[in-house]
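As provided, input-v9.txt (compact mmCIF, C-alpha atoms (C1' of nucleotides)) reads as follows.
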# COMPACT_ATOMS: atom_id res chain seq x y z
CA MET A 12 86.02 88.29 118.89
CA SER A 13 83.98 85.14 118.73
CA PRO A 14 81.51 86.16 116.09
CA ASP A 15 78.62 83.90 116.85
CA LEU A 16 77.31 81.32 114.44
CA LYS A 17 74.27 83.34 113.49
CA ARG A 18 76.51 86.06 112.11
CA GLU A 19 78.90 83.54 110.56
CA LEU A 20 76.08 82.04 108.51
CA LYS A 21 74.49 85.42 107.79
CA GLN A 22 71.28 84.39 109.43
CA ASN A 23 68.85 87.06 110.41
CA LYS A 24 66.56 84.95 112.52
CA PRO A 25 67.45 83.61 115.95
CA PHE A 26 67.89 79.90 116.42
CA LYS A 27 64.76 77.96 117.15
CA SER A 28 66.17 76.41 120.30
CA LEU A 29 69.30 76.10 122.35
CA CYS A 30 69.60 72.46 121.29
CA GLN A 31 69.58 73.47 117.66
CA GLU A 32 72.14 76.20 118.23
CA ALA A 33 74.38 73.74 120.06
CA GLN A 34 74.05 71.10 117.35
CA LEU A 35 74.89 73.57 114.60
CA ASN A 36 77.85 74.82 116.59
CA ILE A 37 79.19 71.30 116.98
CA VAL A 38 78.75 70.42 113.31
CA ARG A 39 80.12 73.71 112.03
CA THR A 40 83.20 73.54 114.23
CA SER A 41 83.82 69.94 113.23
CA ASN A 42 83.58 70.80 109.54
CA ILE A 43 86.15 73.56 109.89
CA LEU A 44 88.57 71.33 111.77
CA VAL A 45 88.11 68.45 109.33
CA ASN A 46 88.57 70.69 106.30
CA ASP A 47 91.80 72.08 107.71
CA PHE A 48 92.96 68.59 108.50
CA GLU A 49 92.24 67.26 105.02
CA ARG A 50 93.95 70.24 103.43
CA MET A 51 97.02 69.52 105.50
CA LEU A 52 97.04 65.87 104.37
CA LYS A 53 96.47 66.61 100.71
CA PRO A 54 100.15 67.00 99.70
CA TYR A 55 100.75 63.49 101.02
CA GLY A 56 98.11 61.95 98.78
CA ILE A 57 95.89 60.51 101.48
CA THR A 58 92.45 61.45 102.77
CA GLY A 59 91.48 61.94 106.39
CA THR A 60 89.85 58.53 106.51
CA GLN A 61 92.93 56.88 105.09
CA TYR A 62 95.08 58.65 107.65
CA ASN A 63 92.84 57.42 110.44
CA VAL A 64 93.02 53.87 109.13
CA LEU A 65 96.80 54.08 109.12
CA ARG A 66 96.78 55.31 112.71
CA ILE A 67 94.51 52.47 113.74
CA LEU A 68 96.65 49.86 112.00
CA ARG A 69 99.84 51.30 113.42
CA GLY A 70 98.30 50.88 116.86
CA ALA A 71 97.37 47.29 116.06
CA GLU A 72 100.79 46.10 115.06
CA PRO A 73 101.91 43.46 114.60
CA ALA A 74 98.68 41.46 114.84
CA GLY A 75 96.68 43.57 112.40
CA LEU A 76 92.92 43.88 112.33
CA CYS A 77 90.15 42.55 110.15
CA ARG A 78 88.01 44.85 108.09
CA ASN A 79 85.21 45.24 110.62
CA GLU A 80 87.56 45.89 113.49
CA VAL A 81 89.08 48.74 111.53
CA ALA A 82 85.65 50.15 110.75
CA GLU A 83 84.60 49.99 114.41
CA ARG A 84 87.56 52.05 115.49
CA LEU A 85 87.00 54.85 113.02
CA ILE A 86 85.67 58.23 114.04
CA ASN A 87 83.02 58.02 111.34
CA ARG A 88 81.23 55.00 110.02
CA MET A 89 82.57 53.59 106.78
CA PRO A 90 80.17 51.36 104.89
CA ASP A 91 82.57 50.83 102.03
CA ALA A 92 85.61 49.67 103.96
CA THR A 93 86.55 47.01 101.42
CA ARG A 94 87.27 49.37 98.60
CA LEU A 95 88.96 51.93 100.81
CA LEU A 96 91.37 49.18 101.87
CA ASP A 97 91.69 48.12 98.22
CA ARG A 98 92.92 51.59 97.36
CA MET A 99 95.28 51.65 100.28
CA GLU A 100 96.62 48.25 99.29
CA ASP A 101 97.17 49.52 95.74
CA ALA A 102 99.02 52.48 97.21
CA GLY A 103 101.28 50.13 99.14
CA LEU A 104 100.14 51.38 102.53
CA VAL A 105 98.59 48.14 103.81
CA THR A 106 98.67 44.41 103.11
CA ARG A 107 95.85 41.92 103.42
CA GLU A 108 95.87 38.25 104.05
CA ARG A 109 93.02 35.82 104.52
CA SER A 110 93.02 34.29 107.95
CA GLU A 111 93.76 30.56 108.25
CA ALA A 112 91.70 30.03 111.38
CA ASP A 113 88.53 31.61 110.04
CA ARG A 114 88.61 31.94 106.30
CA ARG A 115 85.93 34.62 106.32
CA LEU A 116 88.33 37.02 107.95
CA VAL A 117 90.90 39.10 106.14
CA THR A 118 93.64 40.50 108.33
CA THR A 119 94.89 43.92 107.34
CA ARG A 120 98.28 45.22 108.43
CA ILE A 121 100.17 48.43 107.86
CA THR A 122 103.24 48.14 105.63
CA LYS A 123 106.65 49.57 106.38
CA GLU A 124 105.91 52.26 103.85
CA GLY A 125 102.55 53.07 105.46
CA LYS A 126 104.14 53.27 108.87
CA LYS A 127 106.85 55.55 107.55
CA LEU A 128 104.22 57.87 106.12
CA VAL A 129 102.10 58.05 109.24
CA ASP A 130 105.14 58.46 111.47
CA SER A 131 106.34 61.33 109.34
CA LEU A 132 103.00 63.07 109.81
CA ASP A 133 102.86 62.94 113.59
CA ASP A 134 104.38 66.36 114.15
CA GLU A 135 102.32 68.06 111.49
CA VAL A 136 99.12 66.51 112.81
CA GLU A 137 99.86 67.67 116.31
CA ALA A 138 100.63 71.13 114.95
CA GLN A 139 97.26 71.21 113.23
CA HIS A 140 95.47 70.30 116.44
CA GLU A 141 97.44 72.93 118.27
CA LYS A 142 96.64 75.52 115.62
CA GLY A 143 92.94 74.74 115.72
CA LEU A 144 92.48 74.43 119.46
CA GLY A 145 95.65 75.58 121.19
CA HIS A 146 94.22 78.99 121.93
CA LEU A 147 91.92 77.41 124.50
CA GLY A 148 93.40 76.82 127.92
CA LYS A 149 93.67 73.47 129.64
CA LYS A 150 90.56 74.15 131.72
CA ASP A 151 88.46 75.04 128.68
CA LEU A 152 89.62 72.04 126.70
CA GLU A 153 88.83 69.73 129.58
CA LYS A 154 85.40 71.27 130.02
CA LEU A 155 84.72 70.98 126.29
CA ILE A 156 85.70 67.31 126.27
CA GLU A 157 83.54 66.71 129.32
CA LEU A 158 80.50 68.32 127.71
CA LEU A 159 80.91 66.50 124.40
CA THR A 160 81.33 63.21 126.22
CA LEU A 161 78.12 64.00 128.03
CA VAL A 162 76.40 64.68 124.70
CA ARG A 163 77.38 61.23 123.45
CA SER A 164 76.61 59.50 126.72
CA HIS A 165 72.95 58.72 126.23
CA ASN A 166 72.78 56.47 123.21
CA MET B 11 78.24 56.59 132.20
CA SER B 12 79.87 58.78 129.66
CA PRO B 13 82.25 56.21 128.31
CA ASP B 14 85.10 58.33 127.12
CA LEU B 15 86.21 58.45 123.53
CA LYS B 16 89.23 56.27 124.11
CA ARG B 17 86.98 53.41 125.15
CA GLU B 18 84.46 54.17 122.42
CA LEU B 19 87.12 53.76 119.75
CA LYS B 20 88.75 50.81 121.54
CA GLN B 21 92.03 52.60 121.79
CA ASN B 22 94.55 51.32 124.23
CA LYS B 23 96.91 54.24 124.10
CA PRO B 24 96.17 57.63 125.66
CA PHE B 25 95.67 60.61 123.40
CA LYS B 26 98.79 62.44 122.38
CA SER B 27 97.51 65.77 123.61
CA LEU B 28 94.50 67.50 125.04
CA CYS B 29 94.05 69.37 121.75
CA GLN B 30 93.89 66.11 119.88
CA GLU B 31 91.43 64.62 122.34
CA ALA B 32 89.24 67.70 122.04
CA GLN B 33 89.35 67.67 118.24
CA LEU B 34 88.42 64.00 118.06
CA ASN B 35 85.59 64.57 120.52
CA ILE B 36 84.20 67.40 118.41
CA VAL B 37 84.41 65.45 115.17
CA ARG B 38 83.08 62.24 116.64
CA THR B 39 80.11 63.97 118.25
CA SER B 40 79.35 65.85 115.06
CA ASN B 41 79.41 62.65 113.02
CA ILE B 42 76.94 60.98 115.34
CA LEU B 43 74.56 63.94 115.25
CA VAL B 44 74.82 64.28 111.47
CA ASN B 45 74.25 60.56 110.92
CA ASP B 46 71.13 60.63 113.07
CA PHE B 47 69.94 63.71 111.26
CA GLU B 48 70.43 62.20 107.81
CA ARG B 49 68.72 59.00 108.87
CA MET B 50 65.74 61.03 110.01
CA LEU B 51 65.58 62.83 106.64
CA LYS B 52 65.95 59.73 104.53
CA PRO B 53 62.25 58.82 104.29
CA TYR B 54 61.64 62.26 102.80
CA GLY B 55 64.10 61.71 99.97
CA ILE B 56 66.44 64.58 100.77
CA THR B 57 69.97 64.75 102.14
CA GLY B 58 71.14 66.93 105.00
CA THR B 59 72.69 69.40 102.61
CA GLN B 60 69.48 69.64 100.61
CA TYR B 61 67.53 70.23 103.79
CA ASN B 62 69.90 73.01 104.79
CA VAL B 63 69.56 74.63 101.37
CA LEU B 64 65.78 74.54 101.72
CA ARG B 65 66.04 76.20 105.14
CA ILE B 66 68.27 78.89 103.74
CA LEU B 67 66.00 79.57 100.80
CA ARG B 68 62.91 79.61 103.00
CA GLY B 69 64.64 82.28 105.06
CA ALA B 70 65.43 84.27 101.91
CA GLU B 71 61.92 84.48 100.56
CA PRO B 72 60.72 86.06 98.44
CA ALA B 73 63.91 87.58 97.05
CA GLY B 74 65.81 84.33 96.67
CA LEU B 75 69.57 83.98 96.62
CA CYS B 76 72.18 83.33 93.99
CA ARG B 77 74.26 80.20 94.02
CA ASN B 78 77.22 81.64 95.91
CA GLU B 79 75.03 83.25 98.55
CA VAL B 80 73.49 79.88 99.25
CA ALA B 81 76.91 78.25 99.48
CA GLU B 82 78.17 80.92 101.90
CA ARG B 83 75.32 80.25 104.30
CA LEU B 84 75.83 76.53 104.48
CA ILE B 85 77.30 74.82 107.51
CA ASN B 86 79.77 73.01 105.28
CA ARG B 87 81.41 74.17 102.10
CA MET B 88 79.85 72.95 98.90
CA PRO B 89 82.10 73.14 95.85
CA ASP B 90 79.51 71.58 93.59
CA ALA B 91 76.55 73.82 94.31
CA THR B 92 75.41 73.96 90.70
CA ARG B 93 74.60 70.30 90.41
CA LEU B 94 73.09 70.08 93.86
CA LEU B 95 70.67 72.82 92.84
CA ASP B 96 70.13 71.01 89.52
CA ARG B 97 68.95 67.97 91.41
CA MET B 98 66.75 70.03 93.67
CA GLU B 99 65.27 71.78 90.65
CA ASP B 100 64.56 68.40 89.05
CA ALA B 101 62.86 67.37 92.28
CA GLY B 102 60.65 70.45 92.12
CA LEU B 103 62.02 71.92 95.34
CA VAL B 104 63.55 75.08 93.89
CA THR B 105 63.34 77.24 90.78
CA ARG B 106 66.10 79.16 89.09
CA GLU B 107 65.99 82.23 86.97
CA ARG B 108 68.80 84.23 85.43
CA SER B 109 68.93 87.75 86.78
CA GLU B 110 68.12 90.61 84.42
CA ALA B 111 70.33 93.17 86.13
CA ASP B 112 73.46 91.04 86.10
CA ARG B 113 73.18 88.18 83.70
CA ARG B 114 75.94 86.23 85.40
CA LEU B 115 73.70 85.70 88.42
CA VAL B 116 71.11 82.98 88.74
CA THR B 117 68.55 83.57 91.44
CA THR B 118 67.33 80.47 93.23
CA ARG B 119 64.04 80.39 95.11
CA ILE B 120 62.22 77.76 97.07
CA THR B 121 59.03 76.46 95.46
CA LYS B 122 55.69 76.06 97.19
CA GLU B 123 56.36 72.34 97.25
CA GLY B 124 59.80 72.82 98.75
CA LYS B 125 58.42 75.11 101.40
CA LYS B 126 55.71 72.63 102.23
CA LEU B 127 58.31 69.91 102.70
CA VAL B 128 60.61 71.93 104.91
CA ASP B 129 57.70 73.28 106.95
CA SER B 130 56.47 69.76 107.53
CA LEU B 131 59.88 68.77 108.88
CA ASP B 132 60.21 71.52 111.48
CA ASP B 133 58.83 69.50 114.36
CA GLU B 134 60.76 66.38 113.54
CA VAL B 135 63.98 68.34 113.21
CA GLU B 136 63.46 69.99 116.55
CA ALA B 137 62.70 66.58 118.05
CA GLN B 138 65.97 65.24 116.70
CA HIS B 139 67.92 68.10 118.25
CA GLU B 140 66.11 67.54 121.50
CA LYS B 141 66.83 63.82 121.38
CA GLY B 142 70.51 64.37 120.70
CA LEU B 143 71.17 67.21 123.11
CA GLY B 144 68.14 67.66 125.33
CA HIS B 145 69.66 65.70 128.16
CA LEU B 146 72.07 68.58 128.76
CA GLY B 147 70.76 71.41 130.86
CA LYS B 148 70.50 75.01 129.75
CA LYS B 149 73.73 75.91 131.54
CA ASP B 150 75.68 73.11 129.90
CA LEU B 151 74.35 73.91 126.45
CA GLU B 152 75.26 77.55 126.83
CA LYS B 153 78.73 76.68 128.03
CA LEU B 154 79.19 74.26 125.13
CA ILE B 155 78.13 76.89 122.61
CA GLU B 156 80.44 79.41 124.23
CA LEU B 157 83.42 77.06 124.04
CA LEU B 158 82.79 76.05 120.44
CA THR B 159 82.40 79.68 119.45
CA LEU B 160 85.73 80.31 121.12
CA VAL B 161 87.28 77.46 119.13
CA ARG B 162 86.16 79.06 115.87
CA SER B 163 87.07 82.58 116.94
CA HIS B 164 90.66 82.70 115.83
CA ASN B 165 90.66 82.20 112.12
C1' DT C 30 87.47 101.88 73.25
C1' DG C 31 89.90 97.65 74.05
C1' DA C 32 93.03 94.60 76.66
C1' DC C 33 93.01 92.49 80.94
C1' DA C 34 91.31 90.87 85.18
C1' DT C 35 87.38 89.36 87.98
C1' DT C 36 83.20 87.08 88.99
C1' DA C 37 79.28 83.71 88.50
C1' DG C 38 78.25 79.74 87.11
C1' DA C 39 78.47 75.39 84.09
C1' DT C 40 80.74 71.27 82.72
C1' DG C 41 84.06 67.17 82.52
C1' DT C 42 86.35 63.91 85.15
C1' DT C 43 87.78 61.17 88.92
C1' DA C 44 87.26 59.58 93.61
C1' DT C 45 84.56 58.35 97.25
C1' DA C 46 80.14 57.47 99.87
C1' DA C 47 75.97 55.05 100.30
C1' DC C 48 73.20 51.29 99.68
C1' DA C 49 71.64 46.81 98.19
C1' DT C 50 72.80 42.39 96.96
C1' DC C 51 75.71 38.41 96.52
C1' DT C 52 79.19 34.61 97.88
C1' DA C 53 81.79 31.98 101.05
C1' DT C 54 82.52 30.41 105.53
C1' DA C 55 81.00 29.49 110.41
C1' DT C 56 77.72 28.67 113.89
C1' DT C 57 73.38 26.97 115.84
C1' DC C 58 70.22 23.72 116.87
C1' DC C 59 67.05 20.10 115.66
C1' DG D 13 74.66 15.28 109.95
C1' DG D 14 72.14 18.93 107.74
C1' DA D 15 68.94 22.88 107.22
C1' DA D 16 68.66 27.43 108.84
C1' DT D 17 70.88 31.44 110.42
C1' DA D 18 74.64 34.57 111.11
C1' DT D 19 78.91 36.69 109.89
C1' DA D 20 82.77 38.61 106.92
C1' DG D 21 83.62 40.46 103.11
C1' DA D 22 83.15 41.41 97.91
C1' DT D 23 80.75 43.45 94.16
C1' DG D 24 77.38 46.32 91.29
C1' DT D 25 75.16 50.53 91.00
C1' DT D 26 73.89 55.16 91.85
C1' DA D 27 74.62 59.56 94.03
C1' DT D 28 77.48 62.91 95.61
C1' DA D 29 82.00 65.28 96.59
C1' DA D 30 86.14 67.22 94.97
C1' DC D 31 88.77 69.41 91.73
C1' DA D 32 90.10 71.50 87.43
C1' DT D 33 88.78 73.79 83.51
C1' DC D 34 85.74 76.38 80.60
C1' DT D 35 82.31 80.10 79.10
C1' DA D 36 79.86 84.28 79.59
C1' DA D 37 79.14 88.60 81.68
C1' DT D 38 80.95 92.39 84.19
C1' DG D 39 84.37 95.58 85.99
C1' DT D 40 88.92 98.17 85.63
C1' DC D 41 91.87 101.24 83.68
C1' DA D 42 95.39 102.60 80.33
Re-express the file's structure as structure tokens.
Amino acid sequence: MSPDLKRELKQNKPFKSLCQEAQLNIVRTSNILVNDFERMLKPYGITGTQYNVLRILRGAEPAGLCRNEVAERLINRMPDATRLLDRMEDAGLVTRERSEADRRLVTTRITKEGKKLVDSLDDEVEAQHEKGLGHLGKKDLEKLIELLTLVRSHN
Amino acid sequence: MSPDLKRELKQNKPFKSLCQEAQLNIVRTSNILVNDFERMLKPYGITGTQYNVLRILRGAEPAGLCRNEVAERLINRMPDATRLLDRMEDAGLVTRERSEADRRLVTTRITKEGKKLVDSLDDEVEAQHEKGLGHLGKKDLEKLIELLTLVRSHN
DNA sequence: TGACATTAGATGTTATAACATCTATATTCC
DNA sequence: GGAATATAGATGTTATAACATCTAATGTCA
């Protein structure tokens, strides 16, 4: 049970510090969860980032959001938002329209088709989260969230 | 303090489940730490993955490791190991040599130059870990590691 | 031995990430 | 009003990731 990270990565030396061990644990665990998540999405022809954008735009209906607002709400930074949205527009998942009030802005909205796709994935997404983390109890999950929030708290 | 993730991502709806909230916290925290780490490495002309490969090869001296052994020890999977090592070879950080015993294998070793680079980064790397996680106490770090190990324990 | 499967790695191709630079529009402030 | 600055986004380029396919060497077993 719980083979530790050192064994997982076939390392023979101990970690240099507790901070390092914690950081590697966070990153490793994230990578595993993200990989599983992307694999689950693959049959539907979208990436994890695209899925997250769809979620964000679904939550912003019917007003929509401009490019930078979408980027701000993403879990990971996305320097190339324009072309990601281009691809999603080509795929019929979003529409874009230049704002009348401020012509620098381009409002992006989810299409009916995009909403249908993301709605249809809700159960499978929840199942993936459950599969990856459901074996922890409520107490442990809450403690984990608390500690990670604390990690992020200082910058 | 500790603005929670919901606020960070400007979400107005609560998370669907505790599992989902935990997963997003893990991934978000990892992204922040990885971004900081990569930014720190940038002046030295290597990526995070390249740094990790150098660490692995430094730990495998003087025997070296073949391509797949390197890939297995990485924090994240690397389907394109060949060309990553190509680039590192071009940069003078590693050498490669086809094994005599089994001519399918190519043994990769860190060069003197590569070792010098990774040695010179040790302090800065530790400082980055300290900066990102040092504000947690020993108890909290240990608990965090324990919980993340538990997350990874079941598959 | 020879057909077949397996393994290690290389290579071709496409998609995406990362970064710098550029254009158009708005805002600031004299 | 107009120059300077800031902001939103588009575009060009390079590097890397992802995936499939290919070649060479080894192992398996009739």
Q. Within 7 Å of A:Gly75, counting all atoms listed in the file, which residues qualify if same-chain residues fewer than 3 places away don't, as number ranges by chain?
A. A: 68, 71-72, 118-120
Q | Minimum-distance residue to A:Met89, chosen among A:Thr60, A:Leu65, A:Ala102, A:Arg107 (using all atoms listed in the file) | A |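 Closest residue, counting all atoms listed in the file: A:Thr60.
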Q: Restrict the distance test to all atoms listed in the file, flag each residue of chain A within 12 Å of chain D, and return the flagged residues as a list of chain:residue names.
A: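 Residues of chain A within 12 Å of chain D, counting all atoms listed in the file: A:Glu49, A:Arg50, A:Lys53, A:Thr58, A:Cys77, A:Arg78, A:Asn79, A:Glu80, A:Pro90, A:Asp91, A:Ala92, A:Thr93, A:Arg94, A:Leu96, A:Asp97, A:Arg109, A:Ser110, A:Asp113, A:Arg114, A:Arg115, A:Leu116, A:Val117, A:Thr118.
Compared by their closest atoms to chain B, and using all atoms listed in the file, the residues A:Gly125, A:Pro54, A:Gly59, A:Gly103 rank with A:Gly59 nearest.
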Give me the least-squares superposed chain A (reference chain B; all C-alpha atoms paired in order) as a short mmCIF file (atom, residue, chain, number, x, y, z; two decimals) with C-alpha atoms, in the frame of the given file.
data_model
loop_
_atom_site.label_atom_id
_atom_site.label_comp_id
_atom_site.auth_asym_id
_atom_site.auth_seq_id
_atom_site.Cartn_x
_atom_site.Cartn_y
_atom_site.Cartn_z
CA MET A 12 77.92 56.78 132.06
CA SER A 13 79.87 58.87 129.62
CA PRO A 14 82.22 56.24 128.32
CA ASP A 15 85.09 58.32 127.11
CA LEU A 16 86.20 58.44 123.51
CA LYS A 17 89.23 56.27 124.08
CA ARG A 18 86.98 53.41 125.14
CA GLU A 19 84.45 54.17 122.40
CA LEU A 20 87.11 53.74 119.73
CA LYS A 21 88.74 50.79 121.50
CA GLN A 22 92.01 52.61 121.76
CA ASN A 23 94.56 51.34 124.19
CA LYS A 24 96.91 54.28 124.08
CA PRO A 25 96.18 57.65 125.63
CA PHE A 26 95.68 60.64 123.39
CA LYS A 27 98.79 62.46 122.37
CA SER A 28 97.52 65.81 123.60
CA LEU A 29 94.51 67.53 125.02
CA CYS A 30 94.06 69.39 121.73
CA GLN A 31 93.90 66.12 119.86
CA GLU A 32 91.44 64.63 122.32
CA ALA A 33 89.25 67.72 122.03
CA GLN A 34 89.36 67.69 118.23
CA LEU A 35 88.43 64.02 118.05
CA ASN A 36 85.62 64.59 120.51
CA ILE A 37 84.22 67.40 118.40
CA VAL A 38 84.43 65.44 115.15
CA ARG A 39 83.07 62.23 116.62
CA THR A 40 80.12 63.96 118.24
CA SER A 41 79.35 65.84 115.04
CA ASN A 42 79.41 62.63 113.01
CA ILE A 43 76.93 60.97 115.34
CA LEU A 44 74.57 63.93 115.25
CA VAL A 45 74.82 64.26 111.47
CA ASN A 46 74.25 60.55 110.91
CA ASP A 47 71.13 60.62 113.07
CA PHE A 48 69.94 63.68 111.25
CA GLU A 49 70.43 62.17 107.81
CA ARG A 50 68.71 58.97 108.86
CA MET A 51 65.74 61.00 110.01
CA LEU A 52 65.57 62.81 106.64
CA LYS A 53 65.95 59.70 104.53
CA PRO A 54 62.23 58.80 104.29
CA TYR A 55 61.62 62.24 102.81
CA GLY A 56 64.09 61.71 99.98
CA ILE A 57 66.42 64.58 100.77
CA THR A 58 69.95 64.74 102.15
CA GLY A 59 71.13 66.91 105.01
CA THR A 60 72.68 69.39 102.61
CA GLN A 61 69.49 69.63 100.62
CA TYR A 62 67.53 70.21 103.80
CA ASN A 63 69.89 73.00 104.79
CA VAL A 64 69.55 74.61 101.38
CA LEU A 65 65.78 74.54 101.74
CA ARG A 66 66.03 76.18 105.15
CA ILE A 67 68.28 78.88 103.76
CA LEU A 68 65.99 79.56 100.82
CA ARG A 69 62.92 79.60 103.02
CA GLY A 70 64.63 82.28 105.08
CA ALA A 71 65.43 84.25 101.94
CA GLU A 72 61.93 84.47 100.59
CA PRO A 73 60.72 86.06 98.48
CA ALA A 74 63.91 87.58 97.06
CA GLY A 75 65.82 84.32 96.69
CA LEU A 76 69.58 83.97 96.65
CA CYS A 77 72.19 83.33 94.01
CA ARG A 78 74.27 80.20 94.03
CA ASN A 79 77.22 81.64 95.95
CA GLU A 80 75.04 83.24 98.58
CA VAL A 81 73.49 79.87 99.27
CA ALA A 82 76.90 78.24 99.51
CA GLU A 83 78.15 80.90 101.94
CA ARG A 84 75.31 80.25 104.32
CA LEU A 85 75.80 76.51 104.49
CA ILE A 86 77.27 74.79 107.51
CA ASN A 87 79.75 72.99 105.30
CA ARG A 88 81.39 74.18 102.14
CA MET A 89 79.84 72.94 98.92
CA PRO A 90 82.08 73.15 95.88
CA ASP A 91 79.51 71.57 93.61
CA ALA A 92 76.55 73.82 94.34
CA THR A 93 75.41 73.95 90.73
CA ARG A 94 74.59 70.31 90.42
CA LEU A 95 73.09 70.07 93.88
CA LEU A 96 70.68 72.83 92.84
CA ASP A 97 70.13 71.03 89.52
CA ARG A 98 68.94 67.98 91.41
CA MET A 99 66.75 70.04 93.67
CA GLU A 100 65.27 71.79 90.65
CA ASP A 101 64.56 68.41 89.05
CA ALA A 102 62.86 67.37 92.28
CA GLY A 103 60.66 70.45 92.13
CA LEU A 104 62.01 71.91 95.35
CA VAL A 105 63.55 75.08 93.90
CA THR A 106 63.34 77.25 90.79
CA ARG A 107 66.11 79.18 89.11
CA GLU A 108 66.04 82.24 86.98
CA ARG A 109 68.85 84.24 85.45
CA SER A 110 69.00 87.74 86.82
CA GLU A 111 68.19 90.62 84.45
CA ALA A 112 70.41 93.15 86.19
CA ASP A 113 73.53 91.01 86.17
CA ARG A 114 73.25 88.16 83.74
CA ARG A 115 76.00 86.21 85.49
CA LEU A 116 73.75 85.69 88.46
CA VAL A 117 71.14 82.99 88.78
CA THR A 118 68.56 83.59 91.48
CA THR A 119 67.34 80.49 93.24
CA ARG A 120 64.05 80.40 95.12
CA ILE A 121 62.21 77.75 97.07
CA THR A 122 59.01 76.46 95.46
CA LYS A 123 55.69 76.04 97.19
CA GLU A 124 56.35 72.33 97.23
CA GLY A 125 59.81 72.81 98.76
CA LYS A 126 58.42 75.10 101.41
CA LYS A 127 55.70 72.61 102.22
CA LEU A 128 58.30 69.89 102.69
CA VAL A 129 60.59 71.91 104.91
CA ASP A 130 57.69 73.24 106.95
CA SER A 131 56.45 69.73 107.52
CA LEU A 132 59.85 68.75 108.89
CA ASP A 133 60.20 71.49 111.47
CA ASP A 134 58.80 69.48 114.36
CA GLU A 135 60.75 66.36 113.54
CA VAL A 136 63.97 68.32 113.21
CA GLU A 137 63.46 69.96 116.55
CA ALA A 138 62.70 66.56 118.06
CA GLN A 139 65.97 65.22 116.70
CA HIS A 140 67.91 68.09 118.24
CA GLU A 141 66.11 67.54 121.50
CA LYS A 142 66.83 63.82 121.38
CA GLY A 143 70.51 64.36 120.70
CA LEU A 144 71.17 67.20 123.11
CA GLY A 145 68.13 67.66 125.33
CA HIS A 146 69.68 65.72 128.16
CA LEU A 147 72.08 68.60 128.75
CA GLY A 148 70.78 71.45 130.85
CA LYS A 149 70.52 75.05 129.74
CA LYS A 150 73.76 75.95 131.52
CA ASP A 151 75.71 73.14 129.86
CA LEU A 152 74.37 73.92 126.42
CA GLU A 153 75.26 77.56 126.80
CA LYS A 154 78.74 76.70 128.00
CA LEU A 155 79.21 74.28 125.11
CA ILE A 156 78.14 76.90 122.57
CA GLU A 157 80.45 79.42 124.20
CA LEU A 158 83.43 77.08 124.01
CA LEU A 159 82.80 76.06 120.40
CA THR A 160 82.40 79.69 119.41
CA LEU A 161 85.72 80.33 121.07
CA VAL A 162 87.27 77.47 119.08
CA ARG A 163 86.14 79.07 115.83
CA SER A 164 87.04 82.58 116.90
CA HIS A 165 90.65 82.72 115.80
CA ASN A 166 90.60 82.20 112.06
#
Under the rule of at most 8 Å, produce a per-residue listing of chain C near chain B: chain, number, name, the closest pair of atoms, and the distance in Å, as JSON lines, using all atoms listed in the file.
{"residue": "C:DA37", "atom": "C1'", "partner": "B:Arg114", "partner_atom": "CA", "distance": 5.2}
{"residue": "C:DG38", "atom": "C1'", "partner": "B:Arg114", "partner_atom": "CA", "distance": 7.1}
{"residue": "C:DA39", "atom": "C1'", "partner": "B:Thr92", "partner_atom": "CA", "distance": 7.4}
So that each row is one residue of chain A with an atom at most 6 Å from chain B, can you give its shortest atom pair and the distance in Å to one decimal, using all atoms listed in the file, rows by chain and rising number, as JSON lines?
{"residue": "A:Ser13", "atom": "CA", "partner": "B:Ser163", "partner_atom": "CA", "distance": 4.4}
{"residue": "A:Leu20", "atom": "CA", "partner": "B:Arg83", "partner_atom": "CA", "distance": 4.6}
{"residue": "A:Cys30", "atom": "CA", "partner": "B:His139", "partner_atom": "CA", "distance": 5.6}
{"residue": "A:Gln31", "atom": "CA", "partner": "B:His139", "partner_atom": "CA", "distance": 5.7}
{"residue": "A:Ala33", "atom": "CA", "partner": "B:Ile155", "partner_atom": "CA", "distance": 5.5}
{"residue": "A:Ile37", "atom": "CA", "partner": "B:Ser40", "partner_atom": "CA", "distance": 5.8}
{"residue": "A:Val38", "atom": "CA", "partner": "B:Ser40", "partner_atom": "CA", "distance": 4.9}
{"residue": "A:Arg39", "atom": "CA", "partner": "B:Ile85", "partner_atom": "CA", "distance": 5.4}
{"residue": "A:Ser41", "atom": "CA", "partner": "B:Val37", "partner_atom": "CA", "distance": 4.9}
{"residue": "A:Arg84", "atom": "CA", "partner": "B:Leu19", "partner_atom": "CA", "distance": 4.6}
{"residue": "A:Ile86", "atom": "CA", "partner": "B:Arg38", "partner_atom": "CA", "distance": 5.4}
{"residue": "A:His140", "atom": "CA", "partner": "B:Cys29", "partner_atom": "CA", "distance": 5.6}
{"residue": "A:Leu144", "atom": "CA", "partner": "B:Cys29", "partner_atom": "CA", "distance": 5.8}
{"residue": "A:Ile156", "atom": "CA", "partner": "B:Ala32", "partner_atom": "CA", "distance": 5.5}
{"residue": "A:Thr160", "atom": "CA", "partner": "B:Ser12", "partner_atom": "CA", "distance": 5.8}
{"residue": "A:Leu161", "atom": "CA", "partner": "B:Ser12", "partner_atom": "CA", "distance": 5.7}
{"residue": "A:Ser164", "atom": "CA", "partner": "B:Ser12", "partner_atom": "CA", "distance": 4.4}
Q.
What does the structure give for the distance between atom CA of B:Arg65 and atom CA of B:Glu110, in Å to one decimal?
A.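 Atom CA of B:Glu110 lies at a distance of 25.3 Å from atom CA of B:Arg65.
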Q. If we count only C-alpha atoms (C1' of nucleotides), what is near A:Glu124 at a cut-off of 12 Å, once residues fewer than 4 positions away on the same chain are taken out, given as a ChimeraX atom specification?
A. /A:65,69,99-100,102-106,120,128-131
